[in-house]
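Source file: entry11.cif (mmCIF, C-alpha atoms)
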data_model
loop_
_atom_site.label_atom_id
_atom_site.label_comp_id
_atom_site.auth_asym_id
_atom_site.auth_seq_id
_atom_site.Cartn_x
_atom_site.Cartn_y
_atom_site.Cartn_z
CA MET N 23 98.98 50.28 117.94
CA SER N 24 101.24 47.25 118.48
CA ILE N 25 103.78 49.38 120.38
CA PHE N 26 100.94 50.88 122.42
CA ILE N 27 99.73 47.37 123.30
CA MET N 28 103.26 46.45 124.37
CA ILE N 29 103.49 49.55 126.58
CA LEU N 30 100.17 48.61 128.22
CA LEU N 31 101.45 45.08 128.86
CA LEU N 32 104.64 46.40 130.46
CA GLY N 33 102.57 48.80 132.55
CA LEU N 34 100.43 45.86 133.64
CA LEU N 35 103.52 44.01 134.89
CA ILE N 36 104.61 46.99 137.01
CA PHE N 37 101.08 47.38 138.37
CA VAL N 38 100.85 43.66 139.22
CA HIS N 39 104.19 43.75 141.05
CA GLU N 40 103.26 46.74 143.19
CA ALA N 41 99.72 45.43 143.72
CA GLY N 42 101.29 42.30 145.21
CA HIS N 43 103.08 44.41 147.81
CA PHE N 44 99.95 46.52 148.37
CA PHE N 45 97.46 43.71 149.00
CA ALA N 46 99.90 41.74 151.17
CA ALA N 47 100.52 44.83 153.29
CA ARG N 48 96.81 45.54 153.69
CA ALA N 49 96.16 41.89 154.55
CA PHE N 50 98.50 42.24 157.55
CA GLY N 51 97.05 45.59 158.59
CA ILE N 52 99.99 47.69 157.39
CA LYS N 53 99.07 51.22 156.35
CA VAL N 54 99.93 52.14 152.75
CA GLU N 55 100.34 55.86 152.23
CA ARG N 56 101.26 56.00 148.55
CA PHE N 57 100.96 53.83 145.44
CA GLY N 58 103.44 55.12 142.89
CA PHE N 59 103.97 54.46 139.19
CA GLY N 60 107.45 55.40 138.01
CA LEU N 61 110.49 56.29 140.04
CA PRO N 62 110.10 59.00 142.71
CA PHE N 63 112.18 61.79 141.24
CA GLY N 64 111.68 64.36 138.53
CA PRO N 65 108.26 65.87 137.71
CA THR N 66 104.98 64.31 138.85
CA ILE N 67 102.43 64.05 136.02
CA PHE N 68 99.46 62.80 138.05
CA LYS N 69 98.44 62.82 141.72
CA LYS N 70 95.14 61.89 143.34
CA GLN N 71 94.00 60.98 146.84
CA CYS N 72 91.95 57.78 146.84
CA GLY N 73 90.64 57.32 150.35
CA ASP N 74 93.68 57.19 152.63
CA ILE N 75 96.03 56.30 149.75
CA GLU N 76 97.74 58.79 147.45
CA VAL N 77 98.13 57.56 143.87
CA VAL N 78 101.06 59.16 142.05
CA VAL N 79 102.38 58.85 138.52
CA HIS N 80 105.95 60.10 137.95
CA ALA N 81 107.41 61.13 134.62
CA PHE N 82 110.19 58.52 134.80
CA LEU N 83 107.93 55.49 134.32
CA LEU N 84 110.53 52.73 134.58
CA GLY N 85 109.30 51.21 137.83
CA GLY N 86 106.92 51.66 140.71
CA TYR N 87 106.69 51.56 144.49
CA VAL N 88 104.42 51.20 147.50
CA SER N 89 105.18 53.64 150.32
CA PHE N 90 104.59 52.87 154.02
CA PRO N 91 104.49 55.33 156.95
CA ASP N 92 107.98 54.11 157.91
CA ASP N 93 109.31 55.74 154.73
CA ASP N 94 108.24 59.21 155.87
CA LYS N 95 110.26 60.68 158.75
CA ASP N 96 107.56 63.30 159.36
CA CYS N 97 104.74 60.72 159.65
CA ASP N 98 102.25 61.41 162.46
CA LEU N 99 101.79 57.75 163.37
CA PRO N 100 103.21 56.79 166.77
CA ALA N 101 106.47 54.86 166.63
CA ASP N 102 104.80 51.82 168.20
CA SER N 103 101.74 51.89 165.92
CA GLU N 104 100.52 48.54 164.60
CA ASP N 105 99.99 50.26 161.24
CA ARG N 106 103.74 50.59 160.74
CA PHE N 107 105.61 48.08 158.57
CA ALA N 108 108.56 47.88 161.01
CA ASN N 109 106.30 46.79 163.89
CA LYS N 110 105.10 43.63 162.17
CA PRO N 111 106.75 40.21 162.71
CA VAL N 112 109.65 39.36 160.41
CA TRP N 113 107.68 36.64 158.63
CA GLN N 114 104.87 39.05 157.76
CA ARG N 115 107.30 41.66 156.47
CA ALA N 116 109.05 38.96 154.42
CA ILE N 117 105.75 38.02 152.79
CA VAL N 118 104.99 41.66 151.99
CA VAL N 119 108.45 42.12 150.46
CA SER N 120 108.14 38.88 148.47
CA ALA N 121 104.56 39.50 147.34
CA GLY N 122 105.59 41.55 144.29
CA VAL N 123 107.77 38.73 143.00
CA ILE N 124 105.03 36.16 143.70
CA ALA N 125 102.50 38.36 141.89
CA ASN N 126 104.78 38.55 138.82
CA VAL N 127 105.14 34.76 138.75
CA VAL N 128 101.37 34.28 139.01
CA CYS N 129 100.82 36.95 136.35
CA ALA N 130 103.30 35.23 134.01
CA PHE N 131 101.51 31.92 134.39
CA MET N 132 98.08 33.49 133.84
CA LEU N 133 99.26 35.25 130.66
CA VAL N 134 100.59 31.99 129.23
CA LEU N 135 97.44 30.15 130.33
CA PHE N 136 95.32 32.81 128.62
CA VAL N 137 97.18 32.30 125.32
CA ALA N 138 96.91 28.51 125.70
CA ALA N 139 93.13 28.76 126.26
CA TYR N 140 92.55 31.34 123.52
CA SER N 141 94.82 29.92 120.80
CA LYS N 142 94.46 26.22 121.71
CA HIS N 143 98.23 25.87 121.25
CA LEU N 144 101.56 27.18 122.52
CA PRO N 145 104.86 27.53 120.68
CA SER N 146 107.30 24.78 121.59
CA GLY N 147 110.30 27.04 121.02
CA ASN N 148 111.49 24.63 118.34
CA TYR N 149 111.36 24.81 114.57
CA GLU N 150 111.42 22.09 111.94
CA ILE N 151 114.13 22.94 109.41
CA TYR N 152 113.74 21.61 105.88
CA ALA N 153 116.14 21.44 102.94
CA GLY N 154 115.21 23.69 100.06
CA GLU N 155 116.67 23.94 96.56
CA ILE N 156 120.39 23.41 95.97
CA SER N 157 122.03 26.49 94.47
CA ALA N 158 125.70 25.43 94.73
CA PRO N 159 127.85 25.16 91.60
CA LYS N 160 128.25 21.71 90.09
CA GLY N 161 131.00 19.75 91.79
CA ALA N 162 130.22 21.18 95.25
CA SER N 163 130.01 18.58 98.00
CA ILE N 164 126.31 19.25 98.64
CA TRP N 165 125.48 17.49 95.36
CA ASP N 166 127.13 14.30 96.59
CA SER N 167 125.63 14.43 100.08
CA GLY N 168 122.42 12.66 99.12
CA ILE N 169 120.18 15.44 100.43
CA LYS N 170 116.82 16.04 98.75
CA THR N 171 114.46 18.99 98.76
CA GLY N 172 111.93 18.48 101.55
CA ASP N 173 114.26 16.53 103.83
CA ARG N 174 113.90 17.60 107.44
CA ILE N 175 117.34 18.28 108.94
CA LEU N 176 117.46 16.63 112.37
CA LYS N 177 121.12 16.91 113.33
CA ALA N 178 124.27 18.67 112.17
CA ASN N 179 127.53 17.33 113.63
CA GLY N 180 125.56 15.72 116.45
CA THR N 181 123.76 18.95 117.39
CA ASP N 182 119.96 18.85 117.34
CA VAL N 183 118.73 21.28 114.70
CA ASN N 184 115.69 22.96 116.28
CA ASN N 185 116.08 26.32 114.56
CA ALA N 186 117.73 27.82 111.50
CA TYR N 187 120.22 29.78 113.64
CA SER N 188 121.95 26.68 115.02
CA PHE N 189 122.31 25.05 111.60
CA VAL N 190 123.55 28.21 109.87
CA THR N 191 126.03 28.92 112.70
CA ILE N 192 127.53 25.42 112.48
CA VAL N 193 127.85 25.68 108.70
CA LYS N 194 129.37 29.18 108.70
CA ASN N 195 131.89 28.26 111.40
CA SER N 196 132.88 25.20 109.38
CA ALA N 197 134.21 27.41 106.60
CA LYS N 198 137.23 26.15 104.71
CA ASN N 199 140.50 27.53 106.11
CA ASN N 200 138.64 29.39 108.85
CA GLY N 201 141.88 30.22 110.68
CA ILE N 202 141.35 28.26 113.88
CA ALA N 203 141.99 24.72 115.12
CA THR N 204 142.04 22.96 118.47
CA GLN N 205 145.31 22.00 120.14
CA LYS N 206 144.26 18.34 120.04
CA THR N 207 143.87 18.39 116.25
CA ILE N 208 147.16 20.23 115.73
CA ASP N 209 149.02 17.71 117.89
CA LYS N 210 147.49 14.76 116.04
CA ASN N 211 148.48 16.20 112.67
CA TYR N 212 151.96 16.92 113.96
CA GLU N 213 152.35 13.24 114.91
CA LEU N 214 151.26 12.26 111.40
CA LEU N 215 153.79 14.69 109.90
CA LYS N 216 156.55 13.52 112.22
CA GLY N 217 155.90 9.92 111.24
CA LEU N 218 156.30 10.80 107.57
CA ASN N 219 159.30 13.11 108.12
CA PRO N 220 161.23 11.67 111.10
CA GLY N 221 164.41 13.62 110.36
CA LEU N 222 162.85 17.00 111.17
CA GLU N 223 162.44 18.46 114.65
CA ARG N 224 159.26 20.16 115.87
CA ASP N 225 160.48 23.78 115.87
CA GLU N 226 163.23 23.45 113.27
CA ILE N 227 162.88 25.67 110.21
CA ILE N 228 162.48 23.36 107.22
CA PRO N 229 165.40 24.12 104.84
CA ALA N 230 164.47 25.90 101.63
CA GLU N 231 163.82 23.66 98.63
CA LEU N 232 163.45 20.61 100.89
CA SER N 233 160.30 18.65 100.09
CA ILE N 234 158.36 16.97 102.88
CA ARG N 235 155.52 14.49 102.74
CA LEU N 236 152.06 15.50 103.88
CA PRO N 237 149.44 13.10 105.25
CA GLU N 238 146.86 12.02 102.70
CA LYS N 239 144.16 12.23 105.36
CA THR N 240 144.45 14.86 108.09
CA GLU N 241 142.55 15.40 111.31
CA THR N 242 139.97 18.19 111.14
CA ASP N 243 137.79 19.85 113.75
CA ILE N 244 134.08 19.16 113.65
CA ILE N 245 132.08 22.19 114.79
CA THR N 246 129.35 21.49 117.35
CA MET N 247 127.17 23.56 119.67
CA ASP N 248 125.76 22.90 123.12
CA LYS N 249 122.02 23.27 123.70
CA TYR N 250 122.27 26.77 125.18
CA ALA N 251 124.31 28.14 122.29
CA ALA N 252 121.92 26.42 119.86
CA LYS N 253 119.02 28.27 121.50
CA GLY N 254 120.89 31.58 121.36
CA ALA N 255 121.04 31.77 125.16
CA LYS N 256 124.78 32.38 125.00
CA TYR N 257 127.34 33.36 122.43
CA PHE N 258 128.75 30.57 120.31
CA LYS N 259 132.51 30.56 120.69
CA LYS N 260 134.64 28.37 118.49
CA ASP N 261 137.26 26.61 120.56
CA GLY N 262 140.84 26.53 119.36
CA ILE N 263 143.99 28.46 118.51
CA LYS N 264 143.63 31.37 116.12
CA PHE N 265 146.23 31.43 113.37
CA ASP N 266 148.06 34.46 112.04
CA ASN N 267 147.95 35.45 108.38
CA ASN N 268 151.15 33.54 107.56
CA ILE N 269 149.66 30.22 108.71
CA LYS N 270 146.40 31.02 106.90
CA THR N 271 148.33 31.66 103.69
CA LEU N 272 150.28 28.44 104.13
CA ALA N 273 147.03 26.53 104.78
CA LYS N 274 145.58 27.61 101.44
CA GLU N 275 148.85 26.70 99.70
CA LEU N 276 148.76 23.17 101.14
CA ASN N 277 145.15 22.41 100.16
CA ASN N 278 144.91 19.05 98.35
CA LYS N 279 148.72 18.54 98.33
CA THR N 280 150.62 15.46 99.45
CA VAL N 281 154.08 17.06 99.12
CA TYR N 282 155.24 20.50 100.29
CA THR N 283 158.43 22.15 99.09
CA SER N 284 159.71 24.49 101.76
CA ASP N 285 160.49 28.17 101.18
CA GLY N 286 162.60 28.30 104.34
CA LYS N 287 160.01 30.14 106.48
CA TYR N 288 158.13 27.49 108.41
CA THR N 289 158.73 24.72 110.93
CA LEU N 290 157.20 21.26 110.90
CA TYR N 291 154.83 22.40 113.66
CA ASP N 292 153.74 25.38 111.52
CA VAL N 293 152.89 22.94 108.76
CA ALA N 294 150.91 20.88 111.30
CA LYS N 295 148.89 23.99 112.13
CA ALA N 296 148.32 24.77 108.46
CA ILE N 297 147.02 21.31 107.55
CA SER N 298 144.73 21.45 110.57
CA ASP N 299 143.10 24.53 109.04
CA GLY N 300 141.57 22.75 106.08
CA VAL N 301 138.08 21.55 105.35
CA HIS N 302 135.58 21.03 108.14
CA PRO N 303 132.81 18.51 107.51
CA VAL N 304 129.17 19.06 108.30
CA ASN N 305 127.61 15.66 108.96
CA MET N 306 123.84 15.75 108.66
CA ILE N 307 121.07 13.37 109.64
CA VAL N 308 117.75 14.00 107.88
CA LEU N 309 114.25 12.64 108.16
CA ARG N 310 112.80 11.41 104.87
CA GLU N 311 109.52 9.52 104.59
CA GLY N 312 109.65 8.63 108.27
CA LYS N 313 113.22 7.29 108.15
CA GLU N 314 116.38 8.84 109.56
CA ILE N 315 119.12 8.98 106.94
CA LYS N 316 122.78 9.81 107.49
CA LEU N 317 124.10 11.86 104.59
CA ASN N 318 127.59 12.06 103.15
CA PRO N 319 129.67 14.91 104.65
CA VAL N 320 129.23 18.41 103.24
CA PHE N 321 132.22 20.78 103.16
CA PRO N 322 131.45 24.53 103.25
CA ASP N 323 133.50 26.87 101.05
CA TYR N 324 135.79 29.70 102.20
CA LYS N 325 132.73 31.87 103.01
CA GLY N 326 131.03 29.15 105.04
CA LEU N 327 128.39 28.45 102.38
CA ILE N 328 127.11 25.08 101.17
CA GLY N 329 124.57 26.31 98.61
CA LEU N 330 121.42 24.95 100.25
CA GLY N 331 118.19 26.83 100.76
CA LEU N 332 116.28 26.36 104.01
CA ALA N 333 112.64 26.46 105.06
CA SER N 334 111.41 26.49 108.65
CA LYS N 335 108.15 25.63 110.37
CA GLN N 336 107.45 26.33 114.02
CA THR N 337 106.26 23.33 115.99
CA LEU N 338 103.22 23.99 118.17
CA VAL N 339 101.97 22.19 121.27
CA SER N 340 98.25 21.44 121.42
CA THR N 341 96.35 22.86 124.44
CA LYS N 342 92.78 21.86 123.62
CA THR N 343 91.91 20.38 127.01
CA PRO N 344 92.01 22.12 130.42
CA VAL N 345 94.63 19.64 131.64
CA ALA N 346 96.82 20.29 128.58
CA MET N 347 96.41 24.06 129.03
CA VAL N 348 97.73 23.97 132.60
CA LYS N 349 100.43 21.36 131.93
CA GLU N 350 101.82 22.96 128.78
CA SER N 351 101.62 26.50 130.22
CA ASN N 352 103.68 25.36 133.17
CA LYS N 353 106.20 23.63 130.89
CA TYR N 354 106.46 26.65 128.59
CA LEU N 355 107.15 28.96 131.52
CA TRP N 356 109.55 26.53 133.21
CA ASP N 357 111.65 25.89 130.08
CA ASN N 358 111.90 29.56 129.14
CA THR N 359 112.69 30.63 132.70
CA ALA N 360 115.51 28.06 132.90
CA THR N 361 116.99 29.45 129.67
CA MET N 362 116.55 33.01 130.95
CA MET N 363 118.36 32.23 134.21
CA TYR N 364 121.19 30.60 132.28
CA SER N 365 121.53 33.73 130.13
CA LEU N 366 121.52 35.88 133.27
CA GLY N 367 124.37 33.77 134.62
CA GLN N 368 126.24 34.29 131.34
CA LEU N 369 125.83 38.05 131.82
CA PHE N 370 127.24 37.96 135.36
CA THR N 371 130.22 35.82 134.27
CA GLY N 372 131.01 38.19 131.41
CA ASN N 373 130.28 35.69 128.63
CA ILE N 374 127.58 38.06 127.41
CA PRO N 375 129.00 41.62 127.14
CA MET N 376 127.27 44.57 128.76
CA LYS N 377 126.73 46.15 125.33
CA ASP N 378 124.14 43.45 124.68
CA LEU N 379 122.15 44.28 127.82
CA HIS N 380 118.86 45.86 126.77
CA GLY N 381 115.76 47.15 128.49
CA VAL N 382 112.30 48.58 128.17
CA VAL N 383 112.86 50.66 125.00
CA ALA N 384 114.20 47.72 123.00
CA ILE N 385 111.62 45.37 124.53
CA THR N 386 108.79 47.70 123.51
CA LYS N 387 110.09 47.96 119.94
CA ILE N 388 110.78 44.22 119.57
CA GLY N 389 107.49 43.32 121.27
CA GLY N 390 105.61 45.66 118.95
CA ASP N 391 107.29 44.05 115.93
CA MET N 392 106.36 40.59 117.24
CA ILE N 393 102.72 41.61 117.64
CA ASP N 394 102.72 43.03 114.09
CA LYS N 395 104.16 39.84 112.59
CA ALA N 396 102.78 37.07 114.80
CA GLY N 397 99.71 38.57 116.47
CA LYS N 398 98.77 39.66 119.97
CA SER N 399 99.42 36.21 121.45
CA SER N 400 103.16 36.64 120.89
CA GLY N 401 103.01 39.92 122.80
CA PHE N 402 101.27 38.24 125.74
CA LEU N 403 103.86 35.46 125.79
CA LEU N 404 106.70 37.98 125.68
CA ALA N 405 105.04 39.89 128.54
CA ALA N 406 104.87 36.62 130.52
CA LEU N 407 108.60 36.08 130.10
CA ILE N 408 109.32 39.70 131.05
CA SER N 409 107.17 39.20 134.15
CA MET N 410 109.31 36.19 135.10
CA ASN N 411 112.41 38.23 134.37
CA LEU N 412 111.19 40.97 136.73
CA ALA N 413 110.57 38.35 139.40
CA ILE N 414 114.04 36.86 139.03
CA LEU N 415 115.83 40.21 139.03
CA ASN N 416 113.84 41.56 141.98
CA ILE N 417 114.57 38.54 144.15
CA LEU N 418 118.34 38.91 143.72
CA PRO N 419 120.00 39.84 147.06
CA ILE N 420 120.81 43.37 145.93
CA PRO N 421 120.01 46.32 148.24
CA ALA N 422 117.25 48.57 146.81
CA LEU N 423 115.56 45.48 145.31
CA ASP N 424 113.11 43.13 147.05
CA GLY N 425 115.84 40.52 147.47
CA GLY N 426 117.97 43.08 149.29
CA HIS N 427 115.15 43.80 151.75
CA LEU N 428 114.78 40.06 152.34
CA MET N 429 118.49 39.91 153.02
CA PHE N 430 118.15 42.59 155.72
CA LEU N 431 115.17 40.73 157.22
CA LEU N 432 117.20 37.51 157.31
CA PHE N 433 119.95 39.38 159.17
CA GLU N 434 117.33 40.60 161.66
CA LYS N 435 115.94 37.09 162.15
CA ILE N 436 119.40 35.61 162.76
CA THR N 437 120.72 38.33 165.07
CA GLY N 438 117.43 39.08 166.82
CA LYS N 439 117.62 42.79 166.04
CA PRO N 440 117.33 44.87 162.87
CA LEU N 441 120.29 46.43 161.15
CA ASN N 442 120.77 50.13 161.97
CA GLU N 443 118.31 52.22 159.92
CA LYS N 444 120.98 54.68 158.80
CA VAL N 445 123.18 51.82 157.59
CA ILE N 446 120.28 50.32 155.63
CA GLU N 447 119.41 53.73 154.19
CA THR N 448 123.00 54.44 153.14
CA ILE N 449 123.49 51.00 151.53
CA SER N 450 120.12 51.19 149.75
CA SER N 451 120.81 54.72 148.48
CA VAL N 452 124.17 53.68 147.02
CA PHE N 453 122.71 50.67 145.25
CA PHE N 454 119.66 52.63 144.11
CA SER N 455 121.99 55.17 142.49
CA LEU N 456 123.89 52.32 140.82
CA LEU N 457 120.62 50.89 139.50
CA ILE N 458 119.68 54.26 138.05
CA LEU N 459 123.07 54.46 136.32
CA LEU N 460 122.49 50.94 134.98
CA MET N 461 119.07 52.01 133.68
CA VAL N 462 120.63 54.98 131.88
CA PHE N 463 123.29 52.70 130.38
CA VAL N 464 120.64 50.21 129.24
CA ILE N 465 118.53 52.96 127.65
CA PHE N 466 121.65 54.19 125.84
CA ASN N 467 122.18 50.61 124.54
CA ASP N 468 118.56 50.53 123.43
CA ILE N 469 118.86 53.82 121.53
CA ILE N 470 122.04 52.64 119.80
CA LEU N 471 120.23 49.41 118.87
CA LEU N 472 117.31 51.33 117.36
CA ILE N 473 119.57 53.72 115.45
CA SER N 474 121.72 50.90 114.06
CA LYS N 475 118.63 48.73 113.40
#
Show me this structure written as structure tokens.
Amino acid sequence: MSIFIMILLLGLLIFVHEAGHFFAARAFGIKVERFGFGLPFGPTIFKKQCGDIEVVVHAFLLGGYVSFPDDDKDCDLPADSEDRFANKPVWQRAIVVSAGVIANVVCAFMLVLFVAAYSKHLPSGNYEIYAGEISAPKGASIWDSGIKTGDRILKANGTDVNNAYSFVTIVKNSAKNNGIATQKTIDKNYELLKGLNPGLERDEIIPAELSIRLPEKTETDIITMDKYAAKGAKYFKKDGIKFDNNIKTLAKELNNKTVYTSDGKYTLYDVAKAISDGVHPVNMIVLREGKEIKLNPVFPDYKGLIGLGLASKQTLVSTKTPVAMVKESNKYLWDNTATMMYSLGQLFTGNIPMKDLHGVVAITKIGGDMIDKAGKSSGFLLAALISMNLAILNILPIPALDGGHLMFLLFEKITGKPLNEKVIETISSVFFSLLILLMVFVIFNDIILLISK
């Protein structure tokens, strides 16, 4: 049932988008010949004439369209007919083309507003993370940190902790001897080493059996995350130089030592790298009885564990008054759309790989799971974000999408004449084919995701 509800919601978004085009066209006196659900190829599963409009449902349901007389070369309407889309002013055609996107934005807002009115609250997108029981062995640094069960973790290494993912990611990437360090840290540790061992050159192999002094206190990298990585809007990438297995082995050998006796394999700079790959502190600030408390540093083990249980509680925003409903619905949509656009930018720049691009199959499954676990409101909110996503993607200046049509209309407005119809048709056909290939690729990603769970 939850998956069925999600399918209905996705169908609603397609209907709303095409209805936007339809009603805008009719408002300007443009004849609409066909209202189609699905993409116009393959078998047709439903067809009915409703007045002067043919309603069609295609088997490939991933989309929809509104067809004008201009789309049919065999149309009986005169070429100069006022009913034709092409014979309307550019500004009217631009409104018709944009109406689907506008309808999706309005639909998104109305879905969020409905949840705000029905539930009397909206999710803030943030979670309060609390310290649970300590399960680390005695002697682990967590015991000396000063943390207590029930403390709310506010910050970790300066990063606001608004969800469990951000905290766990910082801790795991702060693992002891994690095999990576920044150039700045390596250079600082080299200067410390050089000061203690002035007779050795940077890239000179340290003679076997020669003992060198190691700094008592070395520089270490502190792992942080920016707000987008903390939200999961982009991949978290640890900055630094990755070490080979030899340096990793040397790093473990040098742990807690102040003197190193050379085996004739490494240079002073290699040793600088090794001592840079040591312990990485996690500095926490917690809220306890209304006061912010800075704890002693915690040092994760080789697996990136600190031995602390976590509990989370989603923070909700009250929407009990009409003003609060409108204000918070707008803020919810604005904040999530900004994050969505940032993620889209990450996809175009290659920071998010194509293998993580998913579509309607995965959305239906995930949306159904959300409805099962968190209720129908979560499905409506997800549908609102998908509606905004459809609006954003459709307005991109890509031929075969609404943004591409607007681009052609802008060309017509600037030059005073439309682009050649055959050129437009050829360009649109090429990009439409590419979009179909992208859809197939996305569905393949979705199927792999479902199989691999």
### Query
Quick one: residues within 12 Å of region 149-158 of chain N, all atoms listed in the file counted, chain neighbours fewer than 3 positions away excluded, as a PyMOL selection string?
chain N and resi 145-146+161-178+182-190+252-253+306-310+320-323+327-339
### Task
For region 99-113 of chain N, please output as a ChimeraX atom specification all residues within 8 Å (counting only C-alpha atoms; exclusion window: fewer than 5 positions along the same chain).
/N:51-53,90-92,431,434-435
### Message
Could you check the closest approach to Glu241 (chain N) for each of N:Ala294, N:Ile420, N:Val123, N:Leu31 and tell me which residue wins, using only C-alpha atoms?
### Response
N:Ala294
Given all atoms listed in the file, how would the per-residue table for region 172-289 of chain N near region 347-371 of chain N read, listing every residue at most 9 Å away with its closest atom pair and distance in Å to one decimal, sorted by chain and number, as CSV?
residue,atom,partner,partner_atom,distance
N:Tyr250,CA,N:Thr361,CA,7.4
N:Lys253,CA,N:Thr361,CA,8.5
N:Ala255,CA,N:Ser365,CA,5.4
N:Lys256,CA,N:Ser365,CA,6.2
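Closest approach to Ile117 (chain N) among N:Leu428, N:Val78, N:Ile245, N:Leu276: N:Leu428, based on all atoms listed in the file.
When only C-alpha atoms are used to measure the gap to Met28 (chain N), the shortest distance among N:Ile408, N:Leu456, N:Val137, N:Leu272 belongs to N:Ile408.
If you look at CA of Lys387 (chain N) and CA of Phe26 (chain N), they are 9.9 Å away from each other.
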#### Entry: His427 (chain N) surroundings by all atoms listed in the file, 10 Å radius, close-in-sequence under 5 positions cut, as a PyMOL selection string
chain N and resi 115-116+119-120+417-422+432-433+446+450
Write to file, as a PDB file, in the frame of the given file, the residues of the selection just made, with C-alpha atoms.
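And here is the file that came out, result-v9.pdb:
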ATOM      1  CA  ARG N 115     107.300  41.660 156.470  1.00  0.00           C
ATOM      2  CA  ALA N 116     109.050  38.960 154.420  1.00  0.00           C
ATOM      3  CA  VAL N 119     108.450  42.120 150.460  1.00  0.00           C
ATOM      4  CA  SER N 120     108.140  38.880 148.470  1.00  0.00           C
ATOM      5  CA  ILE N 417     114.570  38.540 144.150  1.00  0.00           C
ATOM      6  CA  LEU N 418     118.340  38.910 143.720  1.00  0.00           C
ATOM      7  CA  PRO N 419     120.000  39.840 147.060  1.00  0.00           C
ATOM      8  CA  ILE N 420     120.810  43.370 145.930  1.00  0.00           C
ATOM      9  CA  PRO N 421     120.010  46.320 148.240  1.00  0.00           C
ATOM     10  CA  ALA N 422     117.250  48.570 146.810  1.00  0.00           C
ATOM     11  CA  LEU N 432     117.200  37.510 157.310  1.00  0.00           C
ATOM     12  CA  PHE N 433     119.950  39.380 159.170  1.00  0.00           C
ATOM     13  CA  ILE N 446     120.280  50.320 155.630  1.00  0.00           C
ATOM     14  CA  SER N 450     120.120  51.190 149.750  1.00  0.00           C
TER      15      SER N 450
END
Evaluated on this file, the PyMOL selection byres ((chain N and resi 225) around 12) picks out some residues - which ones are they, written as a compact mmCIF listing (two decimals) with C-alpha atoms, keeping the file's coordinate frame?
# COMPACT_ATOMS: atom_id res chain seq x y z
CA TYR N 212 151.96 16.92 113.96
CA LYS N 216 156.55 13.52 112.22
CA LEU N 222 162.85 17.00 111.17
CA GLU N 223 162.44 18.46 114.65
CA ARG N 224 159.26 20.16 115.87
CA GLU N 226 163.23 23.45 113.27
CA ILE N 227 162.88 25.67 110.21
CA ILE N 228 162.48 23.36 107.22
CA LYS N 287 160.01 30.14 106.48
CA TYR N 288 158.13 27.49 108.41
CA THR N 289 158.73 24.72 110.93
CA LEU N 290 157.20 21.26 110.90
CA TYR N 291 154.83 22.40 113.66
CA ASP N 292 153.74 25.38 111.52
CA VAL N 293 152.89 22.94 108.76
CA ALA N 294 150.91 20.88 111.30
### Message
Which residues are near Ile124 (chain N)? Cut-off 10 Å, only C-alpha atoms, ignore same chain within fewer than 6 positions. Put them as a PyMOL selection string.
### Response
chain N and resi 38-39+42-43+117-118+130+410+413+417
